[in-house]
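**Q** Next comes final_36.cif, mmCIF, C-alpha atoms:
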```
data_entry
#
loop_
_atom_site.label_atom_id
_atom_site.label_comp_id
_atom_site.auth_asym_id
_atom_site.auth_seq_id
_atom_site.Cartn_x
_atom_site.Cartn_y
_atom_site.Cartn_z
CA MET A 1 -5.12 35.50 5.67
CA THR A 2 -8.45 34.12 4.47
CA ALA A 3 -8.76 33.23 0.81
CA GLU A 4 -11.34 35.02 -1.29
CA ILE A 5 -14.75 33.41 -1.50
CA GLY A 6 -14.84 31.33 -4.65
CA THR A 7 -11.24 30.07 -4.49
CA VAL A 8 -11.43 26.28 -4.72
CA ILE A 9 -9.66 24.49 -1.90
CA ARG A 10 -8.35 21.10 -3.09
CA ALA A 11 -7.89 18.26 -0.67
CA ALA A 12 -7.65 14.47 -0.61
CA GLY A 13 -8.29 11.67 1.83
CA ALA A 14 -9.18 8.04 2.26
CA VAL A 15 -11.41 5.54 3.94
CA LEU A 16 -8.64 3.58 5.63
CA TRP A 17 -9.69 0.00 6.31
CA ARG A 18 -8.42 -3.26 7.77
CA ASN A 19 -9.66 -6.89 8.02
CA HIS A 20 -10.93 -8.51 4.81
CA ASP A 21 -13.53 -10.65 6.55
CA ALA A 22 -15.02 -8.04 8.90
CA PRO A 23 -13.84 -4.64 7.66
CA GLU A 24 -13.21 -1.81 10.07
CA VAL A 25 -12.51 1.80 9.08
CA ALA A 26 -10.43 4.45 10.80
CA LEU A 27 -11.94 7.70 12.07
CA VAL A 28 -9.87 10.53 13.56
CA HIS A 29 -10.81 13.10 16.20
CA ARG A 30 -9.51 16.61 15.66
CA PRO A 31 -9.45 18.65 18.91
CA ARG A 32 -9.26 21.92 17.02
CA TYR A 33 -12.74 21.32 15.60
CA ASP A 34 -13.93 18.73 18.16
CA ASP A 35 -15.14 16.55 15.29
CA TRP A 36 -14.83 12.99 14.00
CA SER A 37 -13.87 12.68 10.36
CA LEU A 38 -12.20 10.57 7.73
CA PRO A 39 -8.47 11.28 7.39
CA LYS A 40 -7.97 14.02 4.80
CA GLY A 41 -6.13 17.28 4.19
CA LYS A 42 -5.26 20.00 1.72
CA LEU A 43 -2.93 19.38 -1.20
CA ASP A 44 0.55 20.86 -0.98
CA ASP A 45 1.61 23.05 -3.90
CA GLY A 46 2.07 20.91 -7.00
CA GLU A 47 0.95 17.75 -5.19
CA SER A 48 -1.40 15.25 -6.82
CA PRO A 49 -4.54 14.12 -4.95
CA LEU A 50 -3.24 10.53 -4.94
CA VAL A 51 0.00 11.50 -3.20
CA ALA A 52 -1.85 13.82 -0.82
CA ALA A 53 -4.28 11.06 0.21
CA VAL A 54 -1.43 8.72 1.20
CA ARG A 55 0.49 11.50 2.94
CA GLU A 56 -2.53 12.72 4.92
CA VAL A 57 -3.41 9.21 6.06
CA ALA A 58 0.15 8.76 7.33
CA GLU A 59 0.17 12.13 9.08
CA GLU A 60 -3.24 11.74 10.75
CA THR A 61 -3.27 8.02 11.57
CA GLY A 62 0.37 6.90 11.64
CA HIS A 63 -0.48 4.15 9.13
CA ARG A 64 1.00 3.44 5.73
CA ALA A 65 -1.76 3.12 3.18
CA ALA A 66 -2.15 1.19 -0.07
CA LEU A 67 -4.68 2.98 -2.24
CA GLY A 68 -7.47 1.00 -3.86
CA ARG A 69 -10.60 2.00 -5.73
CA ARG A 70 -11.55 5.61 -6.26
CA LEU A 71 -14.51 6.75 -4.16
CA ILE A 72 -16.83 9.70 -4.69
CA GLN A 73 -15.65 13.29 -4.60
CA ALA A 74 -16.95 15.46 -1.76
CA ARG A 75 -17.83 19.10 -2.45
CA TYR A 76 -18.84 21.56 0.24
CA LEU A 77 -18.35 25.14 1.40
CA VAL A 78 -15.76 25.90 4.07
CA ARG A 79 -16.88 28.67 6.40
CA SER A 80 -14.93 27.87 9.58
CA ALA A 81 -12.41 30.47 10.73
CA HIS A 82 -10.30 27.59 12.11
CA ALA A 83 -9.62 26.40 8.57
CA GLY A 84 -7.71 29.56 7.70
CA ARG A 85 -9.40 29.63 4.28
CA THR A 86 -12.96 30.16 3.14
CA GLY A 87 -14.50 28.93 -0.08
CA PRO A 88 -15.69 25.84 -1.94
CA LYS A 89 -13.74 22.72 -1.07
CA VAL A 90 -13.27 19.65 -3.29
CA VAL A 91 -11.96 16.47 -1.68
CA ASP A 92 -10.97 13.36 -3.66
CA TYR A 93 -11.27 10.10 -1.74
CA TRP A 94 -9.96 6.58 -2.17
CA ALA A 95 -10.47 3.34 -0.33
CA ALA A 96 -7.11 2.49 1.25
CA ARG A 97 -5.94 -0.66 2.99
CA THR A 98 -3.63 -0.22 5.95
CA LEU A 99 -0.16 -1.67 5.56
CA GLY A 100 0.49 -1.23 9.26
CA GLY A 101 1.51 1.57 11.54
CA ARG A 102 0.99 3.03 14.99
CA PHE A 103 -1.11 6.00 15.93
CA GLU A 104 0.47 8.66 18.13
CA PRO A 105 -1.75 11.46 19.50
CA ASN A 106 -0.68 14.92 18.37
CA ALA A 107 -1.95 18.51 18.25
CA GLU A 108 -3.91 17.88 15.05
CA VAL A 109 -5.40 14.46 15.85
CA ASP A 110 -5.73 13.24 19.42
CA GLU A 111 -7.66 9.98 18.94
CA LEU A 112 -8.14 7.26 16.33
CA ARG A 113 -10.88 4.66 16.41
CA TRP A 114 -11.36 1.52 14.31
CA LEU A 115 -15.07 0.84 13.82
CA ASP A 116 -17.29 -1.19 11.57
CA PRO A 117 -18.85 1.01 8.86
CA ALA A 118 -22.27 1.24 10.57
CA GLN A 119 -20.72 2.40 13.86
CA ALA A 120 -18.42 4.78 12.01
CA ARG A 121 -21.36 6.34 10.18
CA GLU A 122 -23.03 7.16 13.51
CA LEU A 123 -19.88 8.78 14.90
CA LEU A 124 -18.94 10.92 11.88
CA SER A 125 -19.66 14.61 12.36
CA TYR A 126 -20.43 15.58 8.76
CA GLU A 127 -22.93 14.41 6.19
CA PHE A 128 -20.37 14.59 3.36
CA ASP A 129 -18.13 12.15 5.24
CA ARG A 130 -21.09 9.82 5.73
CA THR A 131 -21.77 9.95 1.99
CA VAL A 132 -18.16 9.01 1.24
CA LEU A 133 -18.32 6.18 3.77
CA ASP A 134 -21.55 4.96 2.15
CA SER A 135 -19.78 4.76 -1.22
CA PHE A 136 -17.08 2.65 0.42
CA ALA A 137 -19.56 0.35 2.20
CA ALA A 138 -21.65 -0.19 -0.94
CA VAL A 139 -18.94 -2.47 -2.42
CA PRO A 140 -17.17 -5.38 -0.65
CA VAL A 141 -13.52 -4.88 0.15
CA PRO A 142 -11.24 -6.55 -2.44
CA THR A 143 -9.02 -9.53 -1.86
CA SER A 144 -6.56 -8.21 -4.43
CA THR A 145 -5.87 -5.09 -6.44
CA MET A 146 -4.39 -5.53 -9.91
CA LEU A 147 -2.44 -2.70 -11.55
CA LEU A 148 -2.69 -3.26 -15.29
CA VAL A 149 -0.21 -1.05 -17.14
CA ARG A 150 0.22 -0.35 -20.83
CA HIS A 151 3.90 0.00 -21.68
CA ALA A 152 5.39 3.49 -21.95
CA LYS A 153 6.38 5.24 -25.18
CA ALA A 154 8.66 3.23 -27.47
CA GLY A 155 8.63 5.24 -30.68
CA GLU A 156 7.09 4.32 -34.01
CA ARG A 157 7.20 0.69 -35.10
CA THR A 158 7.88 1.76 -38.70
CA ARG A 159 11.09 3.52 -37.60
CA TRP A 160 12.47 0.46 -35.82
CA HIS A 161 14.31 -1.89 -38.17
CA GLY A 162 15.10 -4.71 -35.79
CA ASP A 163 13.00 -7.41 -34.14
CA ASP A 164 9.89 -5.65 -32.81
CA ASP A 165 10.10 -7.68 -29.59
CA LEU A 166 13.34 -5.80 -28.88
CA ARG A 167 12.05 -2.26 -29.54
CA PRO A 168 13.03 -0.29 -26.40
CA LEU A 169 11.53 2.70 -24.66
CA THR A 170 12.41 6.14 -25.94
CA ALA A 171 13.75 8.86 -23.66
CA ALA A 172 10.17 10.02 -23.15
CA GLY A 173 9.18 6.44 -22.35
CA ARG A 174 11.90 6.14 -19.75
CA ARG A 175 10.61 9.31 -18.10
CA GLN A 176 7.13 7.81 -18.13
CA ALA A 177 8.47 4.63 -16.52
CA ALA A 178 9.96 6.70 -13.71
CA GLU A 179 6.64 8.48 -13.18
CA LEU A 180 4.80 5.16 -13.27
CA THR A 181 7.05 3.88 -10.50
CA ARG A 182 5.95 6.74 -8.25
CA LEU A 183 2.27 6.29 -9.15
CA LEU A 184 2.15 2.51 -8.77
CA ALA A 185 3.98 2.61 -5.43
CA LEU A 186 0.95 4.40 -3.92
CA PHE A 187 -1.12 1.23 -4.38
CA GLY A 188 1.23 -1.02 -2.41
CA PRO A 189 2.40 -3.35 -5.21
CA THR A 190 3.85 -6.70 -4.19
CA ARG A 191 4.84 -8.41 -7.46
CA VAL A 192 5.69 -7.31 -11.00
CA HIS A 193 4.68 -9.24 -14.13
CA SER A 194 5.15 -8.27 -17.77
CA ALA A 195 4.63 -9.42 -21.32
CA PRO A 196 8.10 -10.41 -22.59
CA ARG A 197 8.46 -7.49 -25.04
CA VAL A 198 11.45 -5.34 -24.09
CA ARG A 199 9.37 -2.15 -23.94
CA CYS A 200 6.92 -3.81 -21.53
CA VAL A 201 9.64 -5.10 -19.22
CA GLN A 202 11.46 -1.74 -19.28
CA SER A 203 8.25 0.07 -18.29
CA VAL A 204 8.04 -1.75 -14.96
CA GLN A 205 11.71 -2.59 -14.33
CA PRO A 206 12.28 0.58 -12.23
CA LEU A 207 9.36 -0.40 -9.99
CA ALA A 208 10.65 -3.96 -9.64
CA ALA A 209 14.09 -2.61 -8.71
CA ALA A 210 12.53 -0.31 -6.10
CA LEU A 211 10.61 -3.26 -4.61
CA GLY A 212 13.63 -5.58 -4.77
CA VAL A 213 11.82 -8.18 -6.91
CA GLU A 214 12.31 -9.69 -10.35
CA VAL A 215 10.03 -8.99 -13.31
CA ILE A 216 8.12 -12.21 -14.05
CA THR A 217 7.53 -12.54 -17.80
CA GLU A 218 4.09 -13.60 -19.04
CA PRO A 219 4.09 -14.86 -22.65
CA ARG A 220 0.29 -15.21 -22.67
CA LEU A 221 -0.08 -11.48 -22.05
CA SER A 222 1.70 -10.27 -25.18
CA GLU A 223 -0.46 -9.64 -28.23
CA GLU A 224 0.75 -12.75 -30.03
CA GLY A 225 0.34 -14.86 -26.88
CA TYR A 226 -3.08 -13.52 -25.90
CA TRP A 227 -5.15 -13.59 -29.07
CA PRO A 228 -4.87 -17.28 -30.01
CA ASP A 229 -6.71 -18.01 -26.73
CA PRO A 230 -8.05 -14.89 -24.93
CA ALA A 231 -9.86 -17.00 -22.33
CA ALA A 232 -6.54 -18.55 -21.31
CA GLY A 233 -5.02 -15.08 -21.04
CA ARG A 234 -7.83 -13.96 -18.75
CA ARG A 235 -7.44 -17.07 -16.61
CA ARG A 236 -3.74 -16.32 -16.30
CA VAL A 237 -4.47 -12.78 -15.11
CA LEU A 238 -6.93 -14.04 -12.49
CA HIS A 239 -4.38 -16.62 -11.36
CA ILE A 240 -1.79 -13.85 -10.95
CA ALA A 241 -4.29 -11.90 -8.83
CA ALA A 242 -5.32 -14.88 -6.67
CA GLY A 243 -4.83 -14.38 -2.96
CA ALA A 244 -4.32 -11.21 -0.95
CA CYS A 245 -1.87 -9.37 -3.17
CA THR A 246 -1.33 -6.36 -5.40
CA PRO A 247 0.34 -7.48 -8.62
CA VAL A 248 1.46 -5.17 -11.41
CA VAL A 249 1.00 -6.52 -14.94
CA CYS A 250 2.41 -4.66 -17.96
CA SER A 251 1.03 -5.49 -21.40
CA GLN A 252 0.20 -3.97 -24.77
CA GLY A 253 -2.52 -1.87 -26.36
CA GLY A 254 -3.80 -4.87 -28.30
CA VAL A 255 -4.49 -6.80 -25.09
CA ILE A 256 -5.50 -4.41 -22.32
CA PRO A 257 -8.85 -3.13 -23.68
CA ASP A 258 -10.17 -6.64 -24.29
CA LEU A 259 -8.89 -7.87 -20.95
CA VAL A 260 -10.37 -4.95 -18.99
CA HIS A 261 -13.71 -5.20 -20.79
CA ALA A 262 -13.88 -8.94 -20.13
CA LEU A 263 -13.28 -8.40 -16.40
CA ALA A 264 -15.08 -5.10 -15.74
CA GLY A 265 -17.71 -4.96 -18.48
CA PRO A 266 -19.29 -1.79 -19.92
CA ALA A 267 -18.44 0.22 -16.79
CA ALA A 268 -14.86 0.44 -18.10
CA THR A 269 -15.83 2.05 -21.43
CA ASP A 270 -15.69 5.76 -22.24
CA GLU A 271 -18.34 7.89 -23.96
CA TYR A 272 -17.38 6.32 -27.30
CA GLY A 273 -17.83 2.77 -26.04
CA GLU A 274 -14.06 2.19 -25.99
CA VAL A 275 -11.80 1.05 -23.16
CA PRO A 276 -9.06 3.71 -22.92
CA SER A 277 -5.48 2.45 -22.90
CA ARG A 278 -2.92 5.13 -23.72
CA LYS A 279 0.79 4.35 -23.52
CA GLY A 280 1.94 4.68 -19.94
CA SER A 281 -1.60 4.47 -18.54
CA THR A 282 -2.82 2.28 -15.69
CA TRP A 283 -6.03 0.42 -14.89
CA VAL A 284 -6.59 -0.29 -11.19
CA LEU A 285 -8.82 -3.35 -10.93
CA SER A 286 -10.31 -4.16 -7.52
CA LEU A 287 -10.97 -7.91 -7.41
CA ARG A 288 -12.64 -10.26 -4.98
CA GLY A 289 -11.87 -13.72 -6.25
CA GLU A 290 -12.82 -13.64 -9.93
CA GLN A 291 -15.29 -10.76 -9.49
CA CYS A 292 -14.16 -7.29 -10.60
CA LEU A 293 -15.62 -4.85 -8.07
CA ALA A 294 -14.30 -1.66 -9.67
CA ALA A 295 -12.06 -0.49 -12.50
CA ASP A 296 -10.36 2.92 -12.36
CA TYR A 297 -8.38 4.39 -15.24
CA TYR A 298 -5.38 6.65 -14.74
CA PRO A 299 -4.03 8.40 -17.87
CA PRO A 300 -0.27 8.55 -18.44
CA PRO A 301 1.49 10.51 -15.70
#
```
Just dump the structure as structure tokens.
**A**
Amino acid sequence: MTAEIGTVIRAAGAVLWRNHDAPEVALVHRPRYDDWSLPKGKLDDGESPLVAAVREVAEETGHRAALGRRLIQARYLVRSAHAGRTGPKVVDYWAARTLGGRFEPNAEVDELRWLDPAQARELLSYEFDRTVLDSFAAVPVPTSTMLLVRHAKAGERTRWHGDDDLRPLTAAGRRQAAELTRLLALFGPTRVHSAPRVRCVQSVQPLAAALGVEVITEPRLSEEGYWPDPAAGRRRVLHIAAGACTPVVCSQGGVIPDLVHALAGPAATDEYGEVPSRKGSTWVLSLRGEQCLAADYYPPP
């Protein structure tokens, strides 16, 4: 049955890339439409665009993807009877680095090609895909992606009578930590670092356990360790991010806004000129050496 005109069709996809030095992107051929497109697909019921983007890449290309910076959103009208639905379509896109895989032709996608962005642009069938690819090609691919997390909910400081360093997550905070684990996993994290406060470590401990790594404590990234020498704190963060990696760093609300603003500049501020940093939120920083290419904010899950 075809949906009524006006029903918004939500979808997600990615510009899947490989090779830091000479990037190539993946295009897929769909025999049903006889077109070349970026991997994408409709959201399942209750599914987030982030999860859908990773799932669709896996289904259409056979590759595991590590999400990176957020790209532009494509909006267009679906009129094809093949789609099974008709109406405005909104597709959220991310840049995504391949973590490896093997393409197998199937009924939905019968061919995959890796091309440099200029060649890919010529092959794509749709202008909206070319616009998305242009937004990817406008910025160099990162050498690392840092996931900068503010700790989850830990209750009110005034209600905790012990050492504040030992104030733990609340039940709501533990639920946030579990949700953060699922979110952060989509970006292909490789290491987990944290300010030594208990609530910071607890916020990323489930992720570290899932990855089979230890949480590395970072005294310079607590509030009391950062502010005596912010420049040293920033150098430490860049050192953590050095090399081809995706580190997670958990810190506090007194550190993250200054750190993000120092690395990303005014582009990271909201309409009030502030850098948002709610408890349980994440900044995804795309870095090439010491240059911050993009900074994307994700509110608490």
**Q** Pull out every residue that the PyMOL selection byres ((chain A and resi 206) around 10) matches in the shown coordinates and put them as a count of residues only.
**A** 19
**Q** CA of Ser194 (chain A) and CA of Val149 (chain A) are how many Å apart?
**A**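 CA of Val149 (chain A) lies 9.0 Å from CA of Ser194 (chain A).
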**Q** Could you tell me how far CA of Lys40 (chain A) sits from CA of Asp110 (chain A), in Å to one decimal place?
**A**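 Distance between the two atoms: 14.8 Å.
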**Q** Nearest to Pro228 (chain A): which of A:Ala152, A:Val255, A:Val25, A:Leu67 is it, counting only C-alpha atoms?
**A**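 Answer, going by the shortest atom-to-atom distance: A:Val255.
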**Q** Could you jot down the CA of Arg10 (chain A) to CA of Thr269 (chain A) separation for me, Å, one decimal place?
**A**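 Result for CA of Arg10 (chain A) versus CA of Thr269 (chain A): 27.5 Å, one decimal.
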**Q** Nearest to Pro299 (chain A): which of A:Leu183, A:Leu38, A:Cys250, A:Ala264 is it, counting only C-alpha atoms?
**A**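 The closest residue to Pro299 (chain A) is A:Leu183.
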**Q** Write out as a compact mmCIF listing (two decimals) with C-alpha atoms, keeping the file's coordinate frame which residues come within 7 Å of Val90 (chain A) when counting all atoms listed in the file, dropping same-chain ones fewer than 5 positions away.
**A**
```
# COMPACT_ATOMS: atom_id res chain seq x y z
CA ILE A 9 -9.66 24.49 -1.90
CA ARG A 10 -8.35 21.10 -3.09
CA ALA A 11 -7.89 18.26 -0.67
CA GLN A 73 -15.65 13.29 -4.60
CA ALA A 74 -16.95 15.46 -1.76
CA ARG A 75 -17.83 19.10 -2.45
CA TYR A 76 -18.84 21.56 0.24
```
**Q** Would you write out, as number ranges by chain, every residue that the PyMOL selection byres ((chain A and resi 103-108) around 10) captures in this file?
**A** A: 28-33, 58-63, 100-102, 109-113
**Q** Since we have the selection now, will you write its residues out, keeping C-alpha atoms, as a PDB file, keeping the file's coordinate frame?
**A**
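Generated file (selection35.pdb):
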```pdb
ATOM      1  CA  VAL A  28      -9.870  10.530  13.560  1.00  0.00           C
ATOM      2  CA  HIS A  29     -10.810  13.100  16.200  1.00  0.00           C
ATOM      3  CA  ARG A  30      -9.510  16.610  15.660  1.00  0.00           C
ATOM      4  CA  PRO A  31      -9.450  18.650  18.910  1.00  0.00           C
ATOM      5  CA  ARG A  32      -9.260  21.920  17.020  1.00  0.00           C
ATOM      6  CA  TYR A  33     -12.740  21.320  15.600  1.00  0.00           C
ATOM      7  CA  ALA A  58       0.150   8.760   7.330  1.00  0.00           C
ATOM      8  CA  GLU A  59       0.170  12.130   9.080  1.00  0.00           C
ATOM      9  CA  GLU A  60      -3.240  11.740  10.750  1.00  0.00           C
ATOM     10  CA  THR A  61      -3.270   8.020  11.570  1.00  0.00           C
ATOM     11  CA  GLY A  62       0.370   6.900  11.640  1.00  0.00           C
ATOM     12  CA  HIS A  63      -0.480   4.150   9.130  1.00  0.00           C
ATOM     13  CA  GLY A 100       0.490  -1.230   9.260  1.00  0.00           C
ATOM     14  CA  GLY A 101       1.510   1.570  11.540  1.00  0.00           C
ATOM     15  CA  ARG A 102       0.990   3.030  14.990  1.00  0.00           C
ATOM     16  CA  VAL A 109      -5.400  14.460  15.850  1.00  0.00           C
ATOM     17  CA  ASP A 110      -5.730  13.240  19.420  1.00  0.00           C
ATOM     18  CA  GLU A 111      -7.660   9.980  18.940  1.00  0.00           C
ATOM     19  CA  LEU A 112      -8.140   7.260  16.330  1.00  0.00           C
ATOM     20  CA  ARG A 113     -10.880   4.660  16.410  1.00  0.00           C
TER      21      ARG A 113
END
```
**Q** I need the residue set behind the PyMOL selection byres ((chain A and resi 77-79) around 6) for this file; please write it as a PDB file with C-alpha atoms, keeping the file's coordinate frame.
**A**
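Now in part21.pdb:
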```
ATOM      1  CA  TYR A  76     -18.840  21.560   0.240  1.00  0.00           C
ATOM      2  CA  SER A  80     -14.930  27.870   9.580  1.00  0.00           C
ATOM      3  CA  THR A  86     -12.960  30.160   3.140  1.00  0.00           C
ATOM      4  CA  GLY A  87     -14.500  28.930  -0.080  1.00  0.00           C
ATOM      5  CA  PRO A  88     -15.690  25.840  -1.940  1.00  0.00           C
ATOM      6  CA  LYS A  89     -13.740  22.720  -1.070  1.00  0.00           C
TER       7      LYS A  89
END
```
**Q** Env of Pro117 (chain A): 8 Å cut, atoms = only C-alpha atoms, seq-sep filter 6 positions within chain, self excluded. Answer as a ChimeraX atom specification.
**A** /A:23-25,133,137
**Q** Rank A:Asp116, A:Asp165, A:Glu56, A:Glu214 by their smallest atom-to-atom distance to Ala96 (chain A), using only C-alpha atoms, and report the top residue only.
**A**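 Distance minimum relative to Ala96 (chain A) lands on A:Glu56.
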**Q** So that I can see what lies close to His151 (chain A), please list as number ranges by chain the residues with an atom at most 8 Å from it, counting all atoms listed in the file and leaving out residues fewer than 5 positions away in the same chain.
**A** A: 199-200, 203, 250-252, 279-281
**Q** Please return region 254-276 of chain A, rebuilt to N, CA and C atoms, as a PDB file, in the coordinates of the input.
**A**
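Okay, result.pdb is ready:
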```pdb
ATOM      1  N   GLY A 254      -2.944  -3.901 -27.641  1.00  0.00           N
ATOM      2  CA  GLY A 254      -3.800  -4.870 -28.300  1.00  0.00           C
ATOM      3  C   GLY A 254      -4.415  -5.878 -27.353  1.00  0.00           C
ATOM      4  N   VAL A 255      -4.016  -5.838 -26.086  1.00  0.00           N
ATOM      5  CA  VAL A 255      -4.490  -6.800 -25.090  1.00  0.00           C
ATOM      6  C   VAL A 255      -5.359  -6.125 -24.029  1.00  0.00           C
ATOM      7  N   ILE A 256      -4.893  -5.000 -23.514  1.00  0.00           N
ATOM      8  CA  ILE A 256      -5.500  -4.410 -22.320  1.00  0.00           C
ATOM      9  C   ILE A 256      -6.985  -4.080 -22.500  1.00  0.00           C
ATOM     10  N   PRO A 257      -7.413  -3.438 -23.584  1.00  0.00           N
ATOM     11  CA  PRO A 257      -8.850  -3.130 -23.680  1.00  0.00           C
ATOM     12  C   PRO A 257      -9.736  -4.365 -23.624  1.00  0.00           C
ATOM     13  N   ASP A 258      -9.357  -5.429 -24.329  1.00  0.00           N
ATOM     14  CA  ASP A 258     -10.170  -6.640 -24.290  1.00  0.00           C
ATOM     15  C   ASP A 258     -10.170  -7.264 -22.908  1.00  0.00           C
ATOM     16  N   LEU A 259      -9.016  -7.271 -22.273  1.00  0.00           N
ATOM     17  CA  LEU A 259      -8.890  -7.870 -20.950  1.00  0.00           C
ATOM     18  C   LEU A 259      -9.715  -7.099 -19.922  1.00  0.00           C
ATOM     19  N   VAL A 260      -9.618  -5.771 -19.943  1.00  0.00           N
ATOM     20  CA  VAL A 260     -10.370  -4.950 -18.990  1.00  0.00           C
ATOM     21  C   VAL A 260     -11.869  -5.083 -19.223  1.00  0.00           C
ATOM     22  N   HIS A 261     -12.283  -5.077 -20.492  1.00  0.00           N
ATOM     23  CA  HIS A 261     -13.710  -5.200 -20.790  1.00  0.00           C
ATOM     24  C   HIS A 261     -14.239  -6.560 -20.353  1.00  0.00           C
ATOM     25  N   ALA A 262     -13.447  -7.599 -20.538  1.00  0.00           N
ATOM     26  CA  ALA A 262     -13.880  -8.940 -20.130  1.00  0.00           C
ATOM     27  C   ALA A 262     -14.055  -9.027 -18.615  1.00  0.00           C
ATOM     28  N   LEU A 263     -13.212  -8.331 -17.864  1.00  0.00           N
ATOM     29  CA  LEU A 263     -13.280  -8.400 -16.400  1.00  0.00           C
ATOM     30  C   LEU A 263     -14.261  -7.400 -15.804  1.00  0.00           C
ATOM     31  N   ALA A 264     -14.287  -6.175 -16.350  1.00  0.00           N
ATOM     32  CA  ALA A 264     -15.080  -5.100 -15.740  1.00  0.00           C
ATOM     33  C   ALA A 264     -16.366  -4.786 -16.477  1.00  0.00           C
ATOM     34  N   GLY A 265     -16.484  -5.199 -17.737  1.00  0.00           N
ATOM     35  CA  GLY A 265     -17.710  -4.960 -18.480  1.00  0.00           C
ATOM     36  C   GLY A 265     -17.841  -3.530 -18.971  1.00  0.00           C
ATOM     37  N   PRO A 266     -19.056  -3.122 -19.335  1.00  0.00           N
ATOM     38  CA  PRO A 266     -19.290  -1.790 -19.920  1.00  0.00           C
ATOM     39  C   PRO A 266     -18.897  -0.633 -19.017  1.00  0.00           C
ATOM     40  N   ALA A 267     -18.812  -0.860 -17.711  1.00  0.00           N
ATOM     41  CA  ALA A 267     -18.440   0.220 -16.790  1.00  0.00           C
ATOM     42  C   ALA A 267     -17.055   0.774 -17.082  1.00  0.00           C
ATOM     43  N   ALA A 268     -16.233   0.002 -17.801  1.00  0.00           N
ATOM     44  CA  ALA A 268     -14.860   0.440 -18.100  1.00  0.00           C
ATOM     45  C   ALA A 268     -14.765   1.210 -19.413  1.00  0.00           C
ATOM     46  N   THR A 269     -15.877   1.380 -20.133  1.00  0.00           N
ATOM     47  CA  THR A 269     -15.830   2.050 -21.430  1.00  0.00           C
ATOM     48  C   THR A 269     -16.043   3.553 -21.279  1.00  0.00           C
ATOM     49  N   ASP A 270     -15.510   4.312 -22.240  1.00  0.00           N
ATOM     50  CA  ASP A 270     -15.690   5.760 -22.240  1.00  0.00           C
ATOM     51  C   ASP A 270     -16.955   6.133 -23.016  1.00  0.00           C
ATOM     52  N   GLU A 271     -17.123   7.426 -23.285  1.00  0.00           N
ATOM     53  CA  GLU A 271     -18.340   7.890 -23.960  1.00  0.00           C
ATOM     54  C   GLU A 271     -18.462   7.379 -25.386  1.00  0.00           C
ATOM     55  N   TYR A 272     -17.365   6.863 -25.940  1.00  0.00           N
ATOM     56  CA  TYR A 272     -17.380   6.320 -27.300  1.00  0.00           C
ATOM     57  C   TYR A 272     -17.530   4.794 -27.306  1.00  0.00           C
ATOM     58  N   GLY A 273     -17.715   4.214 -26.126  1.00  0.00           N
ATOM     59  CA  GLY A 273     -17.830   2.770 -26.040  1.00  0.00           C
ATOM     60  C   GLY A 273     -16.506   2.047 -26.085  1.00  0.00           C
ATOM     61  N   GLU A 274     -15.401   2.776 -25.936  1.00  0.00           N
ATOM     62  CA  GLU A 274     -14.060   2.190 -25.990  1.00  0.00           C
ATOM     63  C   GLU A 274     -13.462   2.093 -24.581  1.00  0.00           C
ATOM     64  N   VAL A 275     -12.571   1.144 -24.396  1.00  0.00           N
ATOM     65  CA  VAL A 275     -11.800   1.050 -23.160  1.00  0.00           C
ATOM     66  C   VAL A 275     -10.489   1.805 -23.369  1.00  0.00           C
ATOM     67  N   PRO A 276     -10.284   2.927 -22.692  1.00  0.00           N
ATOM     68  CA  PRO A 276      -9.060   3.710 -22.920  1.00  0.00           C
ATOM     69  C   PRO A 276      -7.818   2.946 -22.483  1.00  0.00           C
TER      70      PRO A 276
END
```
